[in-house]
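File shown here: upload-v3.txt, holding compact mmCIF, C-alpha atoms.
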# COMPACT_ATOMS: atom_id res chain seq x y z
CA MET A 1 -42.84 -24.68 16.15
CA ILE A 2 -39.91 -22.46 17.13
CA GLN A 3 -37.93 -21.25 14.14
CA GLY A 4 -34.23 -21.91 14.42
CA VAL A 5 -31.06 -23.27 12.97
CA GLN A 6 -29.51 -26.64 13.78
CA ILE A 7 -25.86 -26.54 14.84
CA ASP A 8 -23.80 -29.74 14.69
CA LEU A 9 -20.60 -29.69 16.74
CA ILE A 10 -18.22 -32.43 15.69
CA SER A 11 -15.43 -33.45 18.04
CA ALA A 12 -11.77 -33.83 17.08
CA GLU A 13 -11.91 -37.51 18.11
CA ARG A 14 -14.75 -38.22 15.71
CA LEU A 15 -13.03 -36.32 12.89
CA ASP A 16 -9.80 -38.25 13.43
CA LYS A 17 -11.64 -41.52 12.76
CA MET A 18 -13.10 -40.32 9.46
CA THR A 19 -11.60 -40.48 5.98
CA MET A 20 -11.33 -37.34 3.84
CA MET A 21 -14.40 -38.18 1.75
CA GLU A 22 -16.45 -39.08 4.85
CA LYS A 23 -15.69 -35.68 6.38
CA ILE A 24 -16.48 -33.78 3.18
CA ARG A 25 -19.71 -35.68 2.56
CA LEU A 26 -20.81 -35.17 6.17
CA ILE A 27 -20.14 -31.41 5.94
CA LEU A 28 -21.78 -30.93 2.56
CA ASP A 29 -24.87 -33.05 3.33
CA ASP A 30 -25.35 -31.20 6.63
CA VAL A 31 -24.84 -27.71 5.17
CA MET A 32 -27.08 -28.43 2.17
CA GLU A 33 -29.89 -29.15 4.66
CA GLY A 34 -29.40 -25.66 6.08
CA ASN A 35 -27.43 -26.67 9.17
CA ILE A 36 -24.32 -25.10 10.63
CA VAL A 37 -21.35 -27.39 11.19
CA VAL A 38 -18.68 -26.65 13.79
CA LEU A 39 -15.52 -28.76 13.60
CA GLU A 40 -13.48 -28.86 16.80
CA LYS A 41 -10.43 -29.51 14.65
CA GLY A 42 -10.47 -28.01 11.16
CA LEU A 43 -9.70 -29.66 7.85
CA ALA A 44 -6.25 -30.38 6.45
CA PRO A 45 -5.27 -28.30 3.37
CA GLU A 46 -5.85 -31.27 1.04
CA GLU A 47 -9.34 -31.73 2.53
CA GLN A 48 -10.09 -28.02 2.13
CA SER A 49 -9.02 -28.21 -1.51
CA LYS A 50 -11.35 -31.15 -2.13
CA LEU A 51 -14.18 -29.46 -0.20
CA ILE A 52 -13.99 -26.40 -2.49
CA GLU A 53 -14.02 -28.64 -5.55
CA LEU A 54 -16.99 -30.76 -4.41
CA THR A 55 -18.92 -27.70 -3.19
CA MET A 56 -18.70 -26.31 -6.72
CA ARG A 57 -20.20 -29.52 -8.11
CA GLU A 58 -23.24 -29.23 -5.78
CA ILE A 59 -24.19 -25.63 -6.65
CA THR A 60 -27.48 -25.28 -8.54
CA PRO A 61 -29.46 -22.20 -9.70
CA ASP A 62 -32.05 -21.20 -7.04
CA GLY A 63 -30.80 -24.09 -4.88
CA PHE A 64 -27.53 -24.59 -3.06
CA ALA A 65 -25.30 -21.51 -3.53
CA GLY A 66 -22.16 -22.80 -1.83
CA ILE A 67 -20.65 -22.57 1.62
CA GLU A 68 -19.47 -19.87 3.98
CA MET A 69 -16.56 -21.12 6.02
CA GLU A 70 -14.53 -19.48 8.74
CA THR A 71 -11.48 -20.57 10.63
CA TYR A 72 -8.58 -18.81 12.33
CA PRO A 73 -5.35 -18.40 10.35
CA ALA A 74 -2.98 -21.33 10.97
CA LYS A 75 -0.56 -20.95 13.82
CA GLU A 76 3.09 -20.49 12.90
CA LYS A 77 4.33 -22.94 10.30
CA PRO A 78 6.17 -25.93 11.77
CA GLY A 79 9.94 -25.55 11.66
CA PHE A 80 12.42 -27.95 10.11
CA LEU A 81 12.75 -29.99 13.32
CA ASP A 82 8.95 -30.16 13.75
CA ARG A 83 8.56 -31.45 10.22
CA LEU A 84 11.24 -34.09 10.85
CA LEU A 85 9.21 -35.22 13.86
CA GLY A 86 6.11 -35.42 11.68
CA LYS A 87 4.35 -32.35 13.06
CA THR A 88 2.19 -30.39 10.62
CA ALA A 89 0.43 -27.01 10.91
CA GLN A 90 -2.42 -27.48 13.39
CA ALA A 91 -5.90 -27.22 11.87
CA ARG A 92 -8.14 -25.01 14.01
CA LEU A 93 -11.78 -24.69 15.01
CA THR A 94 -13.87 -24.22 11.88
CA VAL A 95 -17.45 -23.09 11.27
CA ILE A 96 -19.18 -23.98 7.99
CA GLY A 97 -22.66 -22.97 6.87
CA PRO A 98 -24.77 -22.37 3.76
CA ALA A 99 -23.59 -19.23 1.93
CA ASP A 100 -27.14 -17.85 1.76
CA GLN A 101 -27.67 -18.19 5.53
CA MET A 102 -24.33 -17.47 7.14
CA LYS A 103 -22.39 -14.22 6.87
CA THR A 104 -19.10 -13.29 8.48
CA ILE A 105 -19.39 -9.90 10.13
CA LYS A 106 -15.92 -9.47 11.52
CA LYS A 107 -12.79 -11.52 11.40
CA GLU A 108 -9.47 -10.99 13.12
CA LYS A 109 -6.54 -13.29 13.76
CA ASP A 110 -8.13 -14.58 16.97
CA PHE A 111 -11.79 -13.49 16.87
CA ILE A 112 -14.60 -14.31 14.42
CA THR A 113 -18.11 -12.87 14.48
CA ALA A 114 -20.65 -14.58 12.23
CA TRP A 115 -24.37 -14.05 11.70
CA VAL A 116 -26.77 -16.90 10.86
CA SER A 117 -30.35 -16.72 9.59
CA SER A 118 -32.93 -19.51 9.47
CA ARG A 119 -34.43 -20.54 6.11
CA MET B 120 24.33 -45.95 -41.77
CA ASP B 121 20.68 -45.94 -40.85
CA PHE B 122 21.56 -47.59 -37.54
CA LEU B 123 24.14 -44.87 -36.77
CA PHE B 124 21.68 -42.11 -37.62
CA ARG B 125 18.96 -43.62 -35.33
CA ALA B 126 21.46 -44.14 -32.51
CA ARG B 127 22.70 -40.53 -32.76
CA LYS B 128 19.11 -39.26 -32.71
CA LYS B 129 18.31 -41.36 -29.62
CA ILE B 130 21.43 -40.18 -27.77
CA SER B 131 20.70 -36.56 -28.65
CA LYS B 132 17.11 -36.92 -27.38
CA PHE B 133 18.33 -38.54 -24.16
CA LEU B 134 20.94 -35.82 -23.51
CA LYS B 135 18.43 -33.08 -24.25
CA ALA B 136 15.92 -34.57 -21.79
CA PHE B 137 18.63 -35.09 -19.19
CA PHE B 138 20.30 -31.70 -19.31
CA SER B 139 17.53 -29.29 -20.30
CA LYS B 140 15.92 -27.45 -17.40
CA ARG B 141 12.30 -28.30 -16.73
CA GLN B 142 9.92 -25.51 -17.70
CA SER B 143 7.97 -24.43 -14.62
CA ARG B 144 4.23 -23.87 -14.79
CA ILE B 145 3.35 -20.80 -12.76
CA GLY B 146 -0.30 -20.48 -11.82
CA ILE B 147 -1.84 -17.08 -11.13
CA TYR B 148 -4.34 -17.72 -8.34
CA GLY B 149 -6.57 -15.56 -6.18
CA PRO B 150 -10.18 -14.63 -5.47
CA PRO B 151 -12.41 -13.33 -8.29
CA ASN B 152 -11.70 -9.77 -9.52
CA ALA B 153 -8.23 -9.55 -7.97
CA GLY B 154 -6.73 -8.73 -11.39
CA LYS B 155 -5.30 -12.13 -12.35
CA THR B 156 -6.04 -11.87 -16.08
CA THR B 157 -4.84 -8.26 -16.20
CA LEU B 158 -1.50 -9.38 -14.78
CA ALA B 159 -1.35 -12.49 -17.00
CA ASN B 160 -1.96 -10.29 -20.05
CA ARG B 161 0.73 -7.84 -18.91
CA ILE B 162 3.32 -10.59 -18.39
CA VAL B 163 2.53 -12.21 -21.73
CA ARG B 164 2.45 -8.85 -23.56
CA ASP B 165 5.69 -7.60 -21.94
CA TRP B 166 7.64 -10.73 -22.82
CA THR B 167 6.00 -12.09 -25.99
CA GLY B 168 3.91 -9.20 -27.35
CA ASP B 169 0.80 -11.40 -27.20
CA ALA B 170 -2.29 -11.49 -24.87
CA LEU B 171 -4.00 -14.25 -22.88
CA GLY B 172 -7.65 -13.45 -22.21
CA PRO B 173 -10.37 -10.81 -21.88
CA VAL B 174 -10.91 -8.84 -18.64
CA SER B 175 -14.17 -7.51 -17.19
CA GLU B 176 -15.51 -5.89 -14.04
CA VAL B 177 -18.12 -8.70 -13.85
CA PRO B 178 -16.72 -11.40 -11.54
CA HIS B 179 -15.75 -14.79 -13.03
CA GLU B 180 -14.86 -13.46 -16.47
CA THR B 181 -12.18 -16.19 -16.57
CA ARG B 182 -13.97 -19.52 -16.33
CA ARG B 183 -11.36 -21.76 -17.93
CA ALA B 184 -7.67 -21.99 -17.07
CA ARG B 185 -5.57 -20.51 -19.89
CA ARG B 186 -1.94 -21.35 -20.44
CA LYS B 187 0.73 -19.50 -22.40
CA GLU B 188 3.86 -21.56 -22.96
CA GLY B 189 7.52 -20.69 -23.10
CA ILE B 190 7.64 -17.16 -21.68
CA VAL B 191 11.24 -16.07 -21.12
CA ILE B 192 11.63 -13.49 -18.35
CA THR B 193 15.02 -11.85 -17.96
CA GLY B 194 16.18 -10.16 -14.76
CA ASN B 195 18.47 -7.14 -14.41
CA ASN B 196 21.49 -9.32 -13.62
CA GLY B 197 21.07 -11.18 -16.91
CA GLY B 198 19.56 -14.33 -15.33
CA SER B 199 16.40 -15.64 -16.96
CA ILE B 200 13.62 -18.17 -16.50
CA THR B 201 11.41 -19.91 -19.02
CA ILE B 202 7.92 -20.51 -17.70
CA ASP B 203 4.37 -21.33 -18.71
CA ILE B 204 1.89 -18.85 -17.28
CA VAL B 205 -1.47 -20.33 -16.27
CA ASP B 206 -4.27 -17.80 -15.71
CA THR B 207 -6.85 -19.52 -13.50
CA PRO B 208 -10.51 -18.79 -12.64
CA GLY B 209 -11.01 -16.92 -9.34
CA VAL B 210 -11.37 -19.30 -6.40
CA THR B 211 -14.36 -19.00 -4.10
CA THR B 212 -16.59 -21.24 -1.96
CA LYS B 213 -19.87 -19.74 -3.20
CA ILE B 214 -21.38 -18.72 -6.51
CA ASP B 215 -24.90 -17.34 -6.94
CA TYR B 216 -26.10 -16.41 -10.41
CA LYS B 217 -28.14 -13.54 -8.89
CA GLU B 218 -24.87 -11.71 -8.24
CA PHE B 219 -24.40 -11.40 -12.03
CA LEU B 220 -27.90 -9.93 -12.53
CA GLU B 221 -26.65 -6.83 -10.71
CA TYR B 222 -24.21 -6.29 -13.59
CA GLY B 223 -27.07 -6.24 -16.11
CA LEU B 224 -26.85 -9.84 -17.34
CA GLU B 225 -30.08 -11.63 -18.37
CA LYS B 226 -31.11 -14.55 -16.14
CA ASP B 227 -30.20 -17.27 -18.70
CA GLU B 228 -26.81 -15.69 -19.27
CA ALA B 229 -26.22 -15.30 -15.51
CA VAL B 230 -27.16 -18.95 -14.82
CA LYS B 231 -24.83 -20.10 -17.61
CA ARG B 232 -22.01 -17.91 -16.27
CA ALA B 233 -22.53 -19.29 -12.74
CA ARG B 234 -22.46 -22.89 -14.00
CA GLU B 235 -19.27 -22.27 -16.00
CA ALA B 236 -17.74 -20.45 -13.01
CA THR B 237 -18.33 -23.48 -10.71
CA GLU B 238 -16.63 -25.72 -13.27
CA GLY B 239 -13.80 -23.18 -13.53
CA VAL B 240 -13.15 -23.13 -9.77
CA ALA B 241 -13.06 -26.95 -9.66
CA GLU B 242 -10.67 -26.90 -12.63
CA ALA B 243 -8.40 -24.34 -10.92
CA MET B 244 -8.19 -26.56 -7.82
CA HIS B 245 -7.36 -29.55 -9.99
CA TRP B 246 -4.53 -27.65 -11.74
CA LEU B 247 -3.12 -26.69 -8.34
CA ARG B 248 -3.08 -30.32 -7.18
CA GLU B 249 -1.64 -31.79 -10.37
CA ASP B 250 0.06 -29.39 -12.74
CA ILE B 251 1.42 -26.26 -11.07
CA ASN B 252 5.06 -25.78 -9.94
CA GLY B 253 4.84 -22.25 -8.53
CA VAL B 254 2.16 -19.71 -7.65
CA ILE B 255 1.59 -15.99 -7.95
CA TYR B 256 -1.21 -15.32 -5.45
CA MET B 257 -3.08 -12.14 -6.38
CA LEU B 258 -4.90 -10.01 -3.85
CA ASP B 259 -6.85 -6.79 -4.26
CA SER B 260 -5.04 -4.46 -1.84
CA THR B 261 -8.22 -2.43 -1.24
CA LEU B 262 -9.88 -5.48 0.40
CA ASP B 263 -9.44 -7.39 3.66
CA PRO B 264 -6.68 -9.99 3.13
CA PHE B 265 -8.06 -12.20 5.94
CA LEU B 266 -10.86 -13.49 3.68
CA GLN B 267 -11.30 -17.19 4.37
CA VAL B 268 -10.60 -18.19 0.78
CA ASN B 269 -7.17 -16.48 0.95
CA ILE B 270 -6.25 -18.20 4.20
CA MET B 271 -7.35 -21.57 2.81
CA MET B 272 -5.61 -21.12 -0.53
CA VAL B 273 -2.30 -19.97 0.94
CA GLY B 274 -2.50 -22.96 3.35
CA ILE B 275 -3.16 -25.34 0.45
CA ILE B 276 -0.25 -23.88 -1.57
CA GLU B 277 2.08 -24.12 1.48
CA SER B 278 1.04 -27.73 2.10
CA ARG B 279 2.16 -28.59 -1.43
CA SER B 280 5.52 -26.84 -0.78
CA LEU B 281 5.11 -24.70 -3.89
CA PRO B 282 7.06 -21.43 -4.10
CA VAL B 283 4.61 -18.54 -3.83
CA ILE B 284 4.87 -14.80 -4.45
CA ILE B 285 1.98 -12.77 -3.10
CA VAL B 286 1.01 -9.79 -5.23
CA ALA B 287 -0.80 -6.85 -3.64
CA ASN B 288 -2.58 -5.52 -6.71
CA LYS B 289 -4.50 -2.30 -7.46
CA ILE B 290 -2.12 0.03 -5.62
CA ASP B 291 -3.28 2.76 -8.01
CA LEU B 292 -6.60 2.93 -6.11
CA PRO B 293 -6.97 5.41 -3.20
CA ASP B 294 -8.13 2.72 -0.70
CA ALA B 295 -5.14 0.47 -1.38
CA ALA B 296 -3.41 -0.77 1.79
CA PRO B 297 -0.73 -3.29 0.68
CA GLN B 298 0.78 -3.14 4.18
CA ARG B 299 -2.23 -5.14 5.48
CA ILE B 300 -1.35 -7.94 3.04
CA LYS B 301 2.29 -7.87 4.15
CA SER B 302 1.28 -8.24 7.79
CA ALA B 303 -1.28 -10.98 6.96
CA PHE B 304 1.28 -13.17 5.12
CA PRO B 305 4.68 -12.34 6.63
CA GLN B 306 6.05 -15.77 5.67
CA HIS B 307 5.98 -14.97 1.92
CA PRO B 308 7.42 -12.24 -0.31
CA VAL B 309 4.78 -9.60 -1.09
CA ILE B 310 5.17 -7.32 -4.13
CA SER B 311 2.87 -4.30 -4.51
CA ILE B 312 1.87 -3.50 -8.09
CA SER B 313 -0.78 -1.99 -10.29
CA GLY B 314 -1.39 -4.58 -12.99
CA LEU B 315 -3.57 -2.10 -14.82
CA GLU B 316 -1.02 0.73 -14.97
CA GLY B 317 2.03 -1.51 -14.91
CA SER B 318 3.63 0.21 -11.95
CA ASN B 319 6.27 -1.80 -10.10
CA VAL B 320 5.88 -4.91 -12.31
CA GLU B 321 9.67 -4.86 -12.87
CA GLU B 322 10.13 -5.71 -9.19
CA LEU B 323 7.74 -8.63 -9.65
CA TYR B 324 9.72 -9.88 -12.67
CA GLU B 325 12.95 -9.69 -10.65
CA LYS B 326 11.35 -11.68 -7.84
CA MET B 327 9.98 -14.25 -10.31
CA VAL B 328 13.46 -14.82 -11.80
CA GLU B 329 14.90 -15.16 -8.29
CA TYR B 330 12.10 -17.31 -6.89
CA PHE B 331 10.97 -19.55 -9.75
CA GLY B 332 14.38 -19.93 -11.40
As structure tokens, please, write out the structure in this file.
Amino acid sequence: MIQGVQIDLISAERLDKMTMMEKIRLILDDVMEGNIVVLEKGLAPEEQSKLIELTMREITPDGFAGIEMETYPAKEKPGFLDRLLGKTAQARLTVIGPADQMKTIKKEKDFITAWVSSR
Amino acid sequence: MDFLFRARKKISKFLKAFFSKRQSRIGIYGPPNAGKTTLANRIVRDWTGDALGPVSEVPHETRRARRKEGIVITGNNGGSITIDIVDTPGVTTKIDYKEFLEYGLEKDEAVKRAREATEGVAEAMHWLREDINGVIYMLDSTLDPFLQVNIMMVGIIESRSLPVIIVANKIDLPDAAPQRIKSAFPQHPVISISGLEGSNVEELYEKMVEYFG
């Protein structure tokens, strides 16, 4: 069998229909199996905060070591008028993988290079 | 008489609660080994003569949030703030006990440290969601500020509308490039310091009085 890594690309539409815990569980379950998850639209700050917290609870010695996650810095913060109209900072394309398989090689404001190994 | 005494006590308590300024809790956040505890110790020592916690070159030395209450910081113009300083464990998305073996720790000790560190990160995130009113975000100015954890954490802090001062630490080191931090986070005030040597901490205290007051 060909050695490789599974990559799951999740669309913005699908993410919009999911609750915070559904998204986090989907990401963690997928990454803990050794898969790479690509989110067309990234996570909201509150979801990122919860993801960090729940990732910590899943770490075990010689098992899951956590996640490597990369996204572009948020675009300019919404101004006063934007906030009045309910606009928030746009979450951006995000790649998440197991920390022991995915490494970020280079990261700039608009360019990310990552390296992934199979288990 | 007893009634009058109780009534006066109640009124006094009410007025005190109504007019006294709320004491802000300022969390020192950042990735592991950015110098959070060194700065927390310096602030506490400079203004109370006390200390907060031990420091070490081994990452995740701080694995429990530590709070020091009622620190009064006075600015040059005579204005002052009373704050609680909360030194928090370094935030990361990955912890592997094998990293600690490289610092000479035995396996059992390294596994224990890793387990406590994971609990510490979760605790730090919980404090940020529930109990923090302002943030000092510490960065090692010899490292790339675009680390994912920094981008996420600053985004999380902004989403909670908390006032944040970014500290570019370790400017005493030859590789320090605080300018990179300033260009990475232009939306926030950035103060360059050496927490270890104490250089430029007065500017940080001035900014804290102005920003958290």
Here is a test: counting all atoms listed in the file, which residue of A:Asn35, A:Ser11, A:Gln3, A:Ser49 is nearest to chain B? A:Ser49
Polymer residues at most 8 Å from (1.8, -23.2, -6.0) by all atoms listed in the file, as a ChimeraX atom specification: /B:145-146,247,251-255,276-277,279-283
Find, counting all atoms listed in the file, the residue in B:Leu292, B:Val205, B:Thr211, B:Gly314 that gets nearest to Val174 of chain B.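 The shortest atom-to-atom distance to Val174 of chain B comes from B:Gly314.
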Please report as a ChimeraX atom specification which residues of chain B come no farther than 10 Å from chain A, using all atoms listed in the file. /B:210-217,229-231,233-234,236-245,247-248,263,265-279,303-304,306
Mind pulling up the distance from atom CA of Ile7 of chain A to atom CA of Gly97 of chain A?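 Separating atom CA of Gly97 of chain A from atom CA of Ile7 of chain A is a distance of 9.3 Å.
Computed from the coordinates, the atom CA of Glu188 of chain B to atom CA of Glu325 of chain B distance equals 19.4 Å.
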Neighbours of point (13.5, -12.3, -5.3) within 12 Å, using all atoms listed in the file, written as a PDB file with C-alpha atoms, in the frame of the given file:
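Result file is part-v9.pdb:
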ATOM      1  CA  GLY B 194      16.180 -10.160 -14.760  1.00  0.00           C
ATOM      2  CA  ASN B 195      18.470  -7.140 -14.410  1.00  0.00           C
ATOM      3  CA  ASN B 196      21.490  -9.320 -13.620  1.00  0.00           C
ATOM      4  CA  GLY B 198      19.560 -14.330 -15.330  1.00  0.00           C
ATOM      5  CA  PRO B 282       7.060 -21.430  -4.100  1.00  0.00           C
ATOM      6  CA  VAL B 283       4.610 -18.540  -3.830  1.00  0.00           C
ATOM      7  CA  ILE B 284       4.870 -14.800  -4.450  1.00  0.00           C
ATOM      8  CA  ILE B 285       1.980 -12.770  -3.100  1.00  0.00           C
ATOM      9  CA  HIS B 307       5.980 -14.970   1.920  1.00  0.00           C
ATOM     10  CA  PRO B 308       7.420 -12.240  -0.310  1.00  0.00           C
ATOM     11  CA  VAL B 309       4.780  -9.600  -1.090  1.00  0.00           C
ATOM     12  CA  ILE B 310       5.170  -7.320  -4.130  1.00  0.00           C
ATOM     13  CA  GLU B 321       9.670  -4.860 -12.870  1.00  0.00           C
ATOM     14  CA  GLU B 322      10.130  -5.710  -9.190  1.00  0.00           C
ATOM     15  CA  LEU B 323       7.740  -8.630  -9.650  1.00  0.00           C
ATOM     16  CA  TYR B 324       9.720  -9.880 -12.670  1.00  0.00           C
ATOM     17  CA  GLU B 325      12.950  -9.690 -10.650  1.00  0.00           C
ATOM     18  CA  LYS B 326      11.350 -11.680  -7.840  1.00  0.00           C
ATOM     19  CA  MET B 327       9.980 -14.250 -10.310  1.00  0.00           C
ATOM     20  CA  VAL B 328      13.460 -14.820 -11.800  1.00  0.00           C
ATOM     21  CA  GLU B 329      14.900 -15.160  -8.290  1.00  0.00           C
ATOM     22  CA  TYR B 330      12.100 -17.310  -6.890  1.00  0.00           C
ATOM     23  CA  PHE B 331      10.970 -19.550  -9.750  1.00  0.00           C
ATOM     24  CA  GLY B 332      14.380 -19.930 -11.400  1.00  0.00           C
TER      25      GLY B 332
END
Can you measure atom CA of Ile96 of chain A to atom CA of Leu39 of chain A for me? One decimal in Å is fine.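 Computing the Euclidean distance for atom CA of Ile96 of chain A and atom CA of Leu39 of chain A yields 8.2 Å.
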Residue contacts of Trp115 of chain A (9 Å, only C-alpha atoms) excluding same-chain residues fewer than 4 positions away, as a PyMOL selection string: chain A and resi 101-105
I'd like the contact shell of Met257 of chain B - 8 Å cut-off, all atoms listed in the file, skipping same-chain residues fewer than 2 positions apart - returned as a list in words.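 With the cut-off at 8 Å, the set is Ile147, Tyr148, Gly149, Pro150, Ala153, Gly154, Lys155, Ile255, Asp259, Ile285, Val286, Ala287 and Asn288 of chain B.
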Same residues, C-alpha atoms, saved as a short mmCIF file (atom, residue, chain, number, x, y, z; two decimals), keeping the file's coordinate frame:
data_model
loop_
_atom_site.label_atom_id
_atom_site.label_comp_id
_atom_site.auth_asym_id
_atom_site.auth_seq_id
_atom_site.Cartn_x
_atom_site.Cartn_y
_atom_site.Cartn_z
CA ILE B 147 -1.84 -17.08 -11.13
CA TYR B 148 -4.34 -17.72 -8.34
CA GLY B 149 -6.57 -15.56 -6.18
CA PRO B 150 -10.18 -14.63 -5.47
CA ALA B 153 -8.23 -9.55 -7.97
CA GLY B 154 -6.73 -8.73 -11.39
CA LYS B 155 -5.30 -12.13 -12.35
CA ILE B 255 1.59 -15.99 -7.95
CA ASP B 259 -6.85 -6.79 -4.26
CA ILE B 285 1.98 -12.77 -3.10
CA VAL B 286 1.01 -9.79 -5.23
CA ALA B 287 -0.80 -6.85 -3.64
CA ASN B 288 -2.58 -5.52 -6.71
#
Taking all atoms listed in the file into account, name the residue in B:Asp227, B:Glu221, B:Arg144, B:Glu249 that is nearest to Lys187 of chain B. B:Arg144
For segment 203-210 of chain B, take all atoms listed in the file, fit an axis-aligned box around them, add 6 Å to each of the six sides, then output centre and edge lengths in Å rounded to one decimal, as JSON.
{"center_x": -3.5, "center_y": -19.1, "center_z": -12.6, "size_x": 27.7, "size_y": 16.4, "size_z": 24.3}
With all atoms listed in the file as the basis for distance, which of A:Lys17, A:Lys23, A:Arg92, A:Arg119 is at the shortest distance from Gly4 of chain A?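 Closest to Gly4 of chain A, using all atoms listed in the file: A:Arg119.
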